[in-house]
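Data file: run.pdb. Format and content: PDB, C-alpha atoms and all ligand atoms.
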```pdb
MODEL        1
ATOM      1  CA  MET A   1      13.981   7.347 -22.063
ATOM      2  CA  PRO A   2      14.404   9.041 -18.660
ATOM      3  CA  THR A   3      11.351  10.875 -17.356
ATOM      4  CA  PRO A   4      12.219  14.537 -18.110
ATOM      5  CA  GLU A   5      11.839  16.024 -14.617
ATOM      6  CA  LEU A   6      14.086  13.419 -12.943
ATOM      7  CA  GLU A   7      17.830  13.600 -12.541
ATOM      8  CA  VAL A   8      19.301  10.149 -13.211
ATOM      9  CA  LEU A   9      21.373   9.022 -10.233
ATOM     10  CA  LEU A  10      22.002   5.398 -11.236
ATOM     11  CA  SER A  11      21.413   4.273 -14.801
ATOM     12  CA  GLU A  12      19.828   0.998 -15.812
ATOM     13  CA  GLU A  13      23.230  -0.262 -16.975
ATOM     14  CA  THR A  14      24.978   0.755 -13.748
ATOM     15  CA  ILE A  15      22.358  -1.064 -11.682
ATOM     16  CA  ARG A  16      22.489  -4.156 -13.866
ATOM     17  CA  GLU A  17      26.271  -4.407 -13.541
ATOM     18  CA  ARG A  18      26.212  -3.943  -9.773
ATOM     19  CA  VAL A  19      23.414  -6.488  -9.280
ATOM     20  CA  ALA A  20      25.451  -8.984 -11.316
ATOM     21  CA  GLU A  21      28.494  -8.332  -9.099
ATOM     22  CA  LEU A  22      26.434  -8.772  -5.950
ATOM     23  CA  ALA A  23      25.017 -12.049  -7.245
ATOM     24  CA  ILE A  24      28.508 -13.393  -7.924
ATOM     25  CA  GLN A  25      29.713 -12.356  -4.459
ATOM     26  CA  ILE A  26      26.666 -13.761  -2.656
ATOM     27  CA  SER A  27      26.765 -17.041  -4.588
ATOM     28  CA  HIS A  28      30.480 -17.396  -3.866
ATOM     29  CA  ASP A  29      30.122 -16.676  -0.152
ATOM     30  CA  TYR A  30      27.250 -19.091   0.452
ATOM     31  CA  LYS A  31      28.999 -21.835  -1.506
ATOM     32  CA  ALA A  32      32.171 -21.252   0.512
ATOM     33  CA  GLU A  33      30.094 -21.621   3.676
ATOM     34  CA  GLY A  34      28.609 -24.880   2.409
ATOM     35  CA  VAL A  35      25.109 -23.453   2.045
ATOM     36  CA  ASP A  36      23.164 -24.923  -0.862
ATOM     37  CA  ASP A  37      19.697 -23.481  -0.293
ATOM     38  CA  VAL A  38      19.147 -19.774   0.313
ATOM     39  CA  TYR A  39      15.821 -18.427   1.499
ATOM     40  CA  MET A  40      15.557 -14.989  -0.094
ATOM     41  CA  LEU A  41      13.205 -12.695   1.734
ATOM     42  CA  GLY A  42      12.155  -9.590  -0.137
ATOM     43  CA  VAL A  43      10.809  -6.608   1.772
ATOM     44  CA  LEU A  44       7.710  -5.305   0.040
ATOM     45  CA  ARG A  45       7.072  -3.237  -1.690
ATOM     46  CA  GLY A  46      10.299  -1.494  -2.605
ATOM     47  CA  ALA A  47      12.503  -4.570  -3.054
ATOM     48  CA  PHE A  48      10.387  -6.429  -5.582
ATOM     49  CA  ILE A  49      12.389  -5.463  -8.667
ATOM     50  CA  PHE A  50      15.791  -5.809  -6.991
ATOM     51  CA  LEU A  51      14.787  -9.235  -5.667
ATOM     52  CA  ALA A  52      13.567 -10.340  -9.091
ATOM     53  CA  ASP A  53      16.840  -9.389 -10.766
ATOM     54  CA  LEU A  54      19.159 -10.575  -7.989
ATOM     55  CA  SER A  55      17.416 -13.917  -7.503
ATOM     56  CA  ARG A  56      17.694 -14.779 -11.180
ATOM     57  CA  ARG A  57      21.430 -14.148 -11.184
ATOM     58  CA  LEU A  58      22.360 -16.290  -8.174
ATOM     59  CA  THR A  59      24.073 -19.518  -9.102
ATOM     60  CA  LEU A  60      22.879 -21.663  -6.210
ATOM     61  CA  PRO A  61      19.477 -23.049  -5.234
ATOM     62  CA  ARG A  62      17.198 -20.428  -3.719
ATOM     63  CA  ARG A  63      13.642 -19.948  -2.634
ATOM     64  CA  VAL A  64      11.774 -16.659  -2.603
ATOM     65  CA  ASP A  65       9.354 -15.273  -0.042
ATOM     66  CA  PHE A  66       8.173 -11.819   0.955
ATOM     67  CA  ILE A  67       7.520  -9.780   4.052
ATOM     68  CA  ALA A  68       5.865  -6.387   4.174
ATOM     69  CA  LEU A  69       6.680  -3.660   6.631
ATOM     70  CA  SER A  70       5.617  -0.087   6.765
ATOM     71  CA  SER A  71       7.662   2.700   8.231
ATOM     72  CA  TYR A  72       6.444   5.858   6.556
ATOM     73  CA  GLU A  73       3.115   7.458   7.399
ATOM     74  CA  ASP A  74       3.066   9.409   4.181
ATOM     75  CA  ALA A  75       5.302  10.152   1.268
ATOM     76  CA  SER A  76       7.927  12.359   2.855
ATOM     77  CA  THR A  77       7.892  11.984   6.638
ATOM     78  CA  THR A  78       8.996   9.150   8.861
ATOM     79  CA  SER A  79       6.709   8.060  11.661
ATOM     80  CA  GLY A  80       9.491   6.267  13.492
ATOM     81  CA  ALA A  81       7.277   3.255  14.011
ATOM     82  CA  VAL A  82       7.667   0.083  11.977
ATOM     83  CA  ARG A  83       4.674  -2.186  11.429
ATOM     84  CA  LEU A  84       4.556  -5.764  10.199
ATOM     85  CA  VAL A  85       1.958  -5.752   7.446
ATOM     86  CA  LEU A  86       2.502  -9.188   5.878
ATOM     87  CA  ASP A  87       4.450 -12.099   7.334
ATOM     88  CA  VAL A  88       6.430 -14.863   5.591
ATOM     89  CA  ARG A  89       4.636 -18.051   4.553
ATOM     90  CA  ALA A  90       6.968 -20.609   6.106
ATOM     91  CA  PRO A  91       8.801 -21.060   9.417
ATOM     92  CA  LEU A  92      12.358 -19.710   9.215
ATOM     93  CA  ARG A  93      13.927 -22.033  11.763
ATOM     94  CA  GLY A  94      16.986 -23.724  10.253
ATOM     95  CA  LYS A  95      16.848 -21.754   6.995
ATOM     96  CA  HIS A  96      19.614 -19.614   5.529
ATOM     97  CA  VAL A  97      17.726 -16.342   5.258
ATOM     98  CA  LEU A  98      18.904 -13.500   3.047
ATOM     99  CA  ILE A  99      16.879 -10.321   3.561
ATOM    100  CA  VAL A 100      16.683  -8.284   0.354
ATOM    101  CA  GLU A 101      15.936  -4.575   0.877
ATOM    102  CA  ASP A 102      15.827  -1.707  -1.561
ATOM    103  CA  ILE A 103      17.088   1.016   0.796
ATOM    104  CA  VAL A 104      18.365   1.676   4.297
ATOM    105  CA  ASP A 105      17.462   5.221   5.243
ATOM    106  CA  SER A 106      17.089   5.682   9.034
ATOM    107  CA  GLY A 107      17.878   1.997   9.512
ATOM    108  CA  LYS A 108      14.740   1.428  11.614
ATOM    109  CA  THR A 109      13.054  -0.981   9.223
ATOM    110  CA  LEU A 110      16.029  -3.301   8.813
ATOM    111  CA  ASP A 111      16.862  -3.140  12.515
ATOM    112  CA  TYR A 112      13.295  -4.162  13.389
ATOM    113  CA  LEU A 113      13.314  -6.912  10.796
ATOM    114  CA  LEU A 114      16.616  -8.380  11.969
ATOM    115  CA  LYS A 115      15.319  -8.498  15.529
ATOM    116  CA  ILE A 116      12.039 -10.241  14.775
ATOM    117  CA  LEU A 117      13.611 -12.701  12.332
ATOM    118  CA  ALA A 118      16.577 -13.586  14.564
ATOM    119  CA  ALA A 119      14.066 -14.643  17.214
ATOM    120  CA  ARG A 120      12.785 -17.293  14.786
ATOM    121  CA  GLU A 121      16.156 -19.067  14.872
ATOM    122  CA  PRO A 122      17.201 -19.238  11.218
ATOM    123  CA  ALA A 123      20.426 -21.157  10.485
ATOM    124  CA  SER A 124      21.886 -17.852   9.274
ATOM    125  CA  LEU A 125      20.604 -14.351   8.679
ATOM    126  CA  LYS A 126      22.207 -11.928   6.229
ATOM    127  CA  THR A 127      21.138  -8.742   4.512
ATOM    128  CA  CYS A 128      21.510  -7.467   0.972
ATOM    129  CA  VAL A 129      20.634  -3.812   0.474
ATOM    130  CA  LEU A 130      20.666  -1.970  -2.824
ATOM    131  CA  LEU A 131      20.953   1.603  -1.511
ATOM    132  CA  HIS A 132      22.255   3.153   1.697
ATOM    133  CA  LYS A 133      22.080   6.799   2.768
ATOM    134  CA  PRO A 134      24.678   7.148   5.558
ATOM    135  CA  GLU A 135      23.685  10.781   6.248
ATOM    136  CA  ARG A 136      20.186   9.669   7.287
ATOM    137  CA  LEU A 137      21.156   6.711   9.446
ATOM    138  CA  GLU A 138      19.738   6.826  12.980
ATOM    139  CA  VAL A 139      19.942   3.160  13.959
ATOM    140  CA  PRO A 140      23.158   1.390  12.957
ATOM    141  CA  THR A 141      22.197  -1.864  11.321
ATOM    142  CA  ARG A 142      23.858  -4.796   9.656
ATOM    143  CA  ILE A 143      24.388  -4.675   5.898
ATOM    144  CA  ASP A 144      26.258  -7.699   4.567
ATOM    145  CA  TYR A 145      25.971  -6.839   0.890
ATOM    146  CA  LEU A 146      25.504  -3.292  -0.384
ATOM    147  CA  GLY A 147      24.816  -2.066  -3.895
ATOM    148  CA  PHE A 148      25.446   1.663  -3.637
ATOM    149  CA  THR A 149      26.053   4.392  -1.070
ATOM    150  CA  ILE A 150      24.025   7.427  -2.113
ATOM    151  CA  PRO A 151      23.590  11.061  -0.975
ATOM    152  CA  ASP A 152      20.611  12.259   1.060
ATOM    153  CA  LYS A 153      18.204  12.763  -1.826
ATOM    154  CA  TRP A 154      14.722  11.361  -2.432
ATOM    155  CA  VAL A 155      15.303   8.566  -4.901
ATOM    156  CA  VAL A 156      12.748   6.731  -7.009
ATOM    157  CA  GLY A 157      12.604   3.973  -9.564
ATOM    158  CA  TYR A 158      13.749   0.331  -9.610
ATOM    159  CA  GLY A 159      11.122  -0.395  -6.935
ATOM    160  CA  LEU A 160      11.260   2.858  -4.991
ATOM    161  CA  ASP A 161       8.350   5.262  -5.064
ATOM    162  CA  TYR A 162       7.279   8.790  -4.336
ATOM    163  CA  THR A 163       3.548   8.839  -3.475
ATOM    164  CA  ASP A 164       3.302   5.462  -5.216
ATOM    165  CA  ARG A 165       4.647   6.789  -8.487
ATOM    166  CA  TYR A 166       7.877   6.037 -10.360
ATOM    167  CA  ARG A 167       8.315   2.499  -8.920
ATOM    168  CA  THR A 168       8.713   0.812 -12.263
ATOM    169  CA  LEU A 169      11.289   3.132 -13.771
ATOM    170  CA  PRO A 170      14.243   1.000 -14.909
ATOM    171  CA  TYR A 171      16.767   3.465 -13.452
ATOM    172  CA  ILE A 172      17.070   5.330 -10.124
ATOM    173  CA  GLY A 173      16.312   9.020 -10.289
ATOM    174  CA  VAL A 174      16.000  11.943  -7.905
ATOM    175  CA  VAL A 175      12.765  13.822  -7.213
ATOM    176  CA  GLN A 176      12.251  17.025  -5.283
ATOM    177  CA  PRO A 177       9.551  16.163  -2.662
ATOM    178  CA  GLU A 178       6.910  18.795  -1.997
ATOM    179  CA  ARG A 179       7.652  19.774   1.602
TER     180      ARG A 179
HETATM  181  C1  LIG A 201      10.994   2.108   2.567
HETATM  182  C2  LIG A 201      12.044   1.152   2.043
HETATM  183  C3  LIG A 201      12.567   0.490   3.281
HETATM  184  C4  LIG A 201      12.376   1.530   4.352
HETATM  185  C5  LIG A 201      13.687   2.156   4.698
HETATM  186  O1  LIG A 201       9.808   1.407   2.698
HETATM  187  O2  LIG A 201      11.497   0.241   1.127
HETATM  188  O3  LIG A 201      11.824  -0.683   3.596
HETATM  189  O4  LIG A 201      11.489   2.524   3.832
HETATM  190  O5  LIG A 201      13.536   3.200   5.614
HETATM  191  P1  LIG A 201      14.200   3.241   7.046
HETATM  192  O6  LIG A 201      15.631   2.757   6.912
HETATM  193  O7  LIG A 201      14.110   4.699   7.432
HETATM  194  O8  LIG A 201      13.416   2.375   7.953
HETATM  195  P2  LIG A 201       8.368   2.108   2.770
HETATM  196  O9  LIG A 201       7.884   2.051   4.179
HETATM  197  O10 LIG A 201       8.439   3.449   2.087
HETATM  198  O11 LIG A 201       7.431   1.133   1.982
HETATM  199  P3  LIG A 201       7.488   0.618   0.463
HETATM  200  O12 LIG A 201       8.715  -0.286   0.346
HETATM  201  O13 LIG A 201       6.211  -0.129   0.331
HETATM  202  O14 LIG A 201       7.580   1.804  -0.457
ENDMDL
END
```

Represent the structure contained in this file as C-alpha cells.
Ligand code: PRP
Amino acid sequence: MPTPELEVLLSEETIRERVAELAIQISHDYKAEGVDDVYMLGVLRGAFIFLADLSRRLTLPRRVDFIALSSYEDASTTSGAVRLVLDVRAPLRGKHVLIVEDIVDSGKTLDYLLKILAAREPASLKTCVLLHKPERLEVPTRIDYLGFTIPDKWVVGYGLDYTDRYRTLPYIGVVQPER
C-alpha cells in the first residue's frame, strides 16, 4: 500500500520491469565485449536496493562492492562538495567496473566518482543510473545505462530518502520538502 501522503511516480511493477530490461541490456553488452567478470560498485547509501535487484538479474559473473560518498549537507540543500566516506575493498586496476547509482541530480557525485576511479586504471568503467533529473544537471556526466528520466521533484523510496525516511518503500514517490 502506498504511503498516503506520497504521490507515486514509479510503481513497484514499473521499476521491476525496467530493472529487468537494464539487466538484459547490460549482460548482452558485456558479453558482446568479451567481458566475463563485472565488478559492480554500488554508491551508498541510495543505490543499495537498485544494486541488489540489478545484480541478481545479470546473467554473467559479477562481484559486488560499495563506495560511499556524501554530497548533501542536509536533507534539501546541496553543499556542492563531494566527500569520499568509504572506499572500495579491492584495487580496481584491470577490473571491469560498473558504477551503480540511484540518481544523478546535479551530476557532481558521479563526475567526482568517475574521475577518482578512472585514475585507478580499471579495464573499463561504465555507469548505470536508475534516475536522472535533466533540469537539475550542472555537471554533464557519463550515463551508460539509464532507468528513467524524471522531473525536478524530490523523490523517495527504492533506496532514496528524505531526512533518512522512506528509503525502503518498494516504489518511488514524491515528497514536498519543507523549505
Ligand atoms: C544522493 C544520491 C547520489 C547523489 C546525487 O546521495 O544517492 O549519490 O545524491 O546528487 P548529485 O548528482 O547532485 O551529486 P546523498 O548524498 O543524498 O547520500 P545517500 O545516497 O546516502 O542518501

Practice task
Find, counting only C-alpha atoms, the residue in A:Val129, A:Leu44, A:Ala23, A:Val100 that gets nearest to Arg167 of chain A.
Solution key: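 The closest residue to Arg167 of chain A is A:Leu44.
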
Practice task
Enter the distance from atom CA of Arg45 of chain A to atom CA of Gly159 of chain A, in Å, rounded to one decimal.
Solution key: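 Answer for the atom CA of Arg45 of chain A to atom CA of Gly159 of chain A separation: 7.2 Å.
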
Practice task
Translate the PyMOL selection byres (((not hetatm)) within 7 of (chain A and resi 201)), as applied to the file shown, into an explicit residue set as an NGL selection string.
Solution key: :A and (43-47 or 69-72 or 78 or 101-110 or 160-161)

Practice task
Go ahead and compute the interatomic distance for atom CA of Leu22 of chain A and atom CA of Pro134 of chain A, in Å to one decimal.
Solution key: 19.7 Å

Practice task
Run the PyMOL selection byres (((chain A and resi 133) around 12) and not hetatm) against the file shown and list the residues it catches, as a VMD selection string.
Solution key: chain A and resid 102 to 107 129 to 132 134 to 140 146 to 155

Practice task
Pull out every residue that the PyMOL selection byres (((chain A and resi 88) around 6) and not hetatm) matches in the shown coordinates and put them as a PyMOL selection string.
Solution key: chain A and resi 66-67+87+89-90

Problem - Neighbour residues at most 10 Å from (20.2, -13.9, -11.0) (only C-alpha atoms) as JSON, numbers by chain - result: {"A": [19, 20, 22, 23, 24, 27, 51, 52, 53, 54, 55, 56, 57, 58, 59, 60]}

Exercise on segment 17-36 of chain A, axis-aligned box with 4 Å per side, report centre and edge lengths in Å to one decimal, as lines of an AutoDock Vina configuration file:
```
center_x = 27.7
center_y = -14.4
center_z = -4.9
size_x = 17.0
size_y = 29.0
size_z = 25.2
```

Do a neighbour search on His96 of chain A at 9 Å with all atoms listed in the file, toss out local chain neighbours closer than 5 positions, and write the hits as a PDB file with C-alpha atoms, keeping the file's coordinate frame.
```pdb
ATOM      1  CA  VAL A  35      25.109 -23.453   2.045  1.00  0.00           C
ATOM      2  CA  ASP A  37      19.697 -23.481  -0.293  1.00  0.00           C
ATOM      3  CA  VAL A  38      19.147 -19.774   0.313  1.00  0.00           C
ATOM      4  CA  TYR A  39      15.821 -18.427   1.499  1.00  0.00           C
ATOM      5  CA  MET A  40      15.557 -14.989  -0.094  1.00  0.00           C
ATOM      6  CA  PRO A 122      17.201 -19.238  11.218  1.00  0.00           C
ATOM      7  CA  ALA A 123      20.426 -21.157  10.485  1.00  0.00           C
ATOM      8  CA  SER A 124      21.886 -17.852   9.274  1.00  0.00           C
ATOM      9  CA  LEU A 125      20.604 -14.351   8.679  1.00  0.00           C
ATOM     10  CA  LYS A 126      22.207 -11.928   6.229  1.00  0.00           C
TER      11      LYS A 126
END
```

Handout entry: Between atom CA of Ile99 of chain A and atom CA of Thr127 of chain A - distance in Å to one decimal
Key = 4.6 Å

Practice task
Using all atoms listed in the file, give me every residue within 9 Å of (2.9, -4.5, 12.0) in file coordinates, as a list of chain:residue names.
Solution key: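 It turns out the residues near that spot are A:Ala68, A:Leu69, A:Ser70, A:Val82, A:Arg83, A:Leu84, A:Val85, A:Leu86.
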
Handout entry: Selected residue, from A:Lys115, A:Leu10, A:Val97, A:Ile49, that lies nearest to Asp36 of chain A when counting all atoms listed in the file
Key =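 Among the listed residues, A:Val97 lies closest to Asp36 of chain A.
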
Handout entry: Residue among A:Ile116, A:Tyr162, A:Tyr145, A:Gly157 lying closest to Ile26 of chain A, counting only C-alpha atoms
Key =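 Smallest distance to Ile26 of chain A is found for A:Tyr145.
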
Handout entry: Nearest residue to Val174 of chain A from the set A:Cys128, A:Ile15, A:Leu113, A:Val156 (distances using only C-alpha atoms)
Key =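 Between A:Cys128, A:Ile15, A:Leu113, A:Val156, the residue approaching Val174 of chain A most closely is A:Val156.
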
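Each of A:Arg62, A:Asp144, A:Glu121, A:Ser11 was compared to Gln25 of chain A using only C-alpha atoms, and A:Asp144 turns out to be the nearest.
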
Problem - Residue nearest Arg142 of chain A - candidates A:Gly42, A:Asp164, A:Ala118, A:Asp111, atoms counted: all atoms listed in the file - result: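 The answer is A:Asp111, which sits nearest to Arg142 of chain A.
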
Problem - 7 Å contact set for Pro170 of chain A, all atoms listed in the file, chain neighbours under 2 positions out, as a ChimeraX atom specification - result: /A:12,157-158,168

Please, can segment 93-129 of chain A be completed to N, CA and C atoms and returned as a PDB file, in the frame of the given file?
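Result written to rebuild30.pdb:
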```pdb
ATOM      1  N   ARG A  93      12.979 -21.251  10.961  1.00  0.00           N
ATOM      2  CA  ARG A  93      13.927 -22.033  11.763  1.00  0.00           C
ATOM      3  C   ARG A  93      14.757 -22.959  10.863  1.00  0.00           C
ATOM      4  N   GLY A  94      16.085 -22.856  11.006  1.00  0.00           N
ATOM      5  CA  GLY A  94      16.986 -23.724  10.253  1.00  0.00           C
ATOM      6  C   GLY A  94      17.268 -23.284   8.821  1.00  0.00           C
ATOM      7  N   LYS A  95      16.633 -22.205   8.376  1.00  0.00           N
ATOM      8  CA  LYS A  95      16.848 -21.754   6.995  1.00  0.00           C
ATOM      9  C   LYS A  95      17.977 -20.713   6.936  1.00  0.00           C
ATOM     10  N   HIS A  96      18.601 -20.641   5.767  1.00  0.00           N
ATOM     11  CA  HIS A  96      19.614 -19.614   5.529  1.00  0.00           C
ATOM     12  C   HIS A  96      18.903 -18.421   4.880  1.00  0.00           C
ATOM     13  N   VAL A  97      18.575 -17.451   5.697  1.00  0.00           N
ATOM     14  CA  VAL A  97      17.726 -16.342   5.258  1.00  0.00           C
ATOM     15  C   VAL A  97      18.578 -15.166   4.781  1.00  0.00           C
ATOM     16  N   LEU A  98      18.258 -14.698   3.589  1.00  0.00           N
ATOM     17  CA  LEU A  98      18.904 -13.500   3.047  1.00  0.00           C
ATOM     18  C   LEU A  98      17.817 -12.439   2.848  1.00  0.00           C
ATOM     19  N   ILE A  99      17.836 -11.425   3.692  1.00  0.00           N
ATOM     20  CA  ILE A  99      16.879 -10.321   3.561  1.00  0.00           C
ATOM     21  C   ILE A  99      17.313  -9.447   2.389  1.00  0.00           C
ATOM     22  N   VAL A 100      16.383  -9.136   1.505  1.00  0.00           N
ATOM     23  CA  VAL A 100      16.683  -8.284   0.354  1.00  0.00           C
ATOM     24  C   VAL A 100      15.863  -7.001   0.478  1.00  0.00           C
ATOM     25  N   GLU A 101      16.566  -5.883   0.648  1.00  0.00           N
ATOM     26  CA  GLU A 101      15.936  -4.575   0.877  1.00  0.00           C
ATOM     27  C   GLU A 101      16.341  -3.603  -0.221  1.00  0.00           C
ATOM     28  N   ASP A 102      15.456  -2.702  -0.555  1.00  0.00           N
ATOM     29  CA  ASP A 102      15.827  -1.707  -1.561  1.00  0.00           C
ATOM     30  C   ASP A 102      16.684  -0.593  -0.968  1.00  0.00           C
ATOM     31  N   ILE A 103      16.352  -0.132   0.254  1.00  0.00           N
ATOM     32  CA  ILE A 103      17.088   1.016   0.796  1.00  0.00           C
ATOM     33  C   ILE A 103      17.119   0.988   2.325  1.00  0.00           C
ATOM     34  N   VAL A 104      18.258   1.390   2.865  1.00  0.00           N
ATOM     35  CA  VAL A 104      18.365   1.676   4.297  1.00  0.00           C
ATOM     36  C   VAL A 104      18.505   3.188   4.416  1.00  0.00           C
ATOM     37  N   ASP A 105      17.523   3.770   5.088  1.00  0.00           N
ATOM     38  CA  ASP A 105      17.462   5.221   5.243  1.00  0.00           C
ATOM     39  C   ASP A 105      17.797   5.523   6.710  1.00  0.00           C
ATOM     40  N   SER A 106      16.802   5.520   7.596  1.00  0.00           N
ATOM     41  CA  SER A 106      17.089   5.682   9.034  1.00  0.00           C
ATOM     42  C   SER A 106      17.680   4.410   9.631  1.00  0.00           C
ATOM     43  N   GLY A 107      17.422   3.295   8.989  1.00  0.00           N
ATOM     44  CA  GLY A 107      17.878   1.997   9.512  1.00  0.00           C
ATOM     45  C   GLY A 107      16.843   1.304  10.394  1.00  0.00           C
ATOM     46  N   LYS A 108      15.733   1.981  10.673  1.00  0.00           N
ATOM     47  CA  LYS A 108      14.740   1.428  11.614  1.00  0.00           C
ATOM     48  C   LYS A 108      14.061   0.166  11.069  1.00  0.00           C
ATOM     49  N   THR A 109      13.759   0.169   9.799  1.00  0.00           N
ATOM     50  CA  THR A 109      13.054  -0.981   9.223  1.00  0.00           C
ATOM     51  C   THR A 109      13.923  -2.237   9.284  1.00  0.00           C
ATOM     52  N   LEU A 110      15.164  -2.124   8.830  1.00  0.00           N
ATOM     53  CA  LEU A 110      16.029  -3.301   8.813  1.00  0.00           C
ATOM     54  C   LEU A 110      16.377  -3.748  10.231  1.00  0.00           C
ATOM     55  N   ASP A 111      16.569  -2.798  11.118  1.00  0.00           N
ATOM     56  CA  ASP A 111      16.862  -3.140  12.515  1.00  0.00           C
ATOM     57  C   ASP A 111      15.708  -3.940  13.125  1.00  0.00           C
ATOM     58  N   TYR A 112      14.492  -3.469  12.893  1.00  0.00           N
ATOM     59  CA  TYR A 112      13.295  -4.162  13.389  1.00  0.00           C
ATOM     60  C   TYR A 112      13.198  -5.566  12.788  1.00  0.00           C
ATOM     61  N   LEU A 113      13.424  -5.636  11.492  1.00  0.00           N
ATOM     62  CA  LEU A 113      13.314  -6.912  10.796  1.00  0.00           C
ATOM     63  C   LEU A 113      14.342  -7.923  11.304  1.00  0.00           C
ATOM     64  N   LEU A 114      15.572  -7.476  11.467  1.00  0.00           N
ATOM     65  CA  LEU A 114      16.616  -8.380  11.969  1.00  0.00           C
ATOM     66  C   LEU A 114      16.248  -8.910  13.353  1.00  0.00           C
ATOM     67  N   LYS A 115      15.677  -8.059  14.174  1.00  0.00           N
ATOM     68  CA  LYS A 115      15.319  -8.498  15.529  1.00  0.00           C
ATOM     69  C   LYS A 115      14.196  -9.540  15.503  1.00  0.00           C
ATOM     70  N   ILE A 116      13.158  -9.287  14.741  1.00  0.00           N
ATOM     71  CA  ILE A 116      12.039 -10.241  14.775  1.00  0.00           C
ATOM     72  C   ILE A 116      12.391 -11.549  14.063  1.00  0.00           C
ATOM     73  N   LEU A 117      13.255 -11.471  13.054  1.00  0.00           N
ATOM     74  CA  LEU A 117      13.611 -12.701  12.332  1.00  0.00           C
ATOM     75  C   LEU A 117      14.654 -13.516  13.093  1.00  0.00           C
ATOM     76  N   ALA A 118      15.568 -12.857  13.772  1.00  0.00           N
ATOM     77  CA  ALA A 118      16.577 -13.586  14.564  1.00  0.00           C
ATOM     78  C   ALA A 118      15.900 -14.432  15.635  1.00  0.00           C
ATOM     79  N   ALA A 119      14.796 -13.922  16.166  1.00  0.00           N
ATOM     80  CA  ALA A 119      14.066 -14.643  17.214  1.00  0.00           C
ATOM     81  C   ALA A 119      13.455 -15.946  16.688  1.00  0.00           C
ATOM     82  N   ARG A 120      13.362 -16.072  15.372  1.00  0.00           N
ATOM     83  CA  ARG A 120      12.785 -17.293  14.786  1.00  0.00           C
ATOM     84  C   ARG A 120      13.838 -18.368  14.511  1.00  0.00           C
ATOM     85  N   GLU A 121      15.063 -18.094  14.916  1.00  0.00           N
ATOM     86  CA  GLU A 121      16.156 -19.067  14.872  1.00  0.00           C
ATOM     87  C   GLU A 121      16.459 -19.631  13.483  1.00  0.00           C
ATOM     88  N   PRO A 122      16.721 -18.738  12.508  1.00  0.00           N
ATOM     89  CA  PRO A 122      17.201 -19.238  11.218  1.00  0.00           C
ATOM     90  C   PRO A 122      18.622 -19.782  11.384  1.00  0.00           C
ATOM     91  N   ALA A 123      19.058 -20.629  10.431  1.00  0.00           N
ATOM     92  CA  ALA A 123      20.426 -21.157  10.485  1.00  0.00           C
ATOM     93  C   ALA A 123      21.427 -20.025  10.299  1.00  0.00           C
ATOM     94  N   SER A 124      21.080 -19.069   9.433  1.00  0.00           N
ATOM     95  CA  SER A 124      21.886 -17.852   9.274  1.00  0.00           C
ATOM     96  C   SER A 124      20.969 -16.735   8.806  1.00  0.00           C
ATOM     97  N   LEU A 125      21.422 -15.515   9.029  1.00  0.00           N
ATOM     98  CA  LEU A 125      20.604 -14.351   8.679  1.00  0.00           C
ATOM     99  C   LEU A 125      21.527 -13.259   8.145  1.00  0.00           C
ATOM    100  N   LYS A 126      21.387 -12.969   6.846  1.00  0.00           N
ATOM    101  CA  LYS A 126      22.207 -11.928   6.229  1.00  0.00           C
ATOM    102  C   LYS A 126      21.297 -10.914   5.536  1.00  0.00           C
ATOM    103  N   THR A 127      21.912  -9.789   5.177  1.00  0.00           N
ATOM    104  CA  THR A 127      21.138  -8.742   4.512  1.00  0.00           C
ATOM    105  C   THR A 127      21.828  -8.292   3.230  1.00  0.00           C
ATOM    106  N   CYS A 128      21.015  -8.030   2.230  1.00  0.00           N
ATOM    107  CA  CYS A 128      21.510  -7.467   0.972  1.00  0.00           C
ATOM    108  C   CYS A 128      20.670  -6.231   0.673  1.00  0.00           C
ATOM    109  N   VAL A 129      21.323  -5.099   0.613  1.00  0.00           N
ATOM    110  CA  VAL A 129      20.634  -3.812   0.474  1.00  0.00           C
ATOM    111  C   VAL A 129      21.140  -3.113  -0.781  1.00  0.00           C
TER     112      VAL A 129
END
```
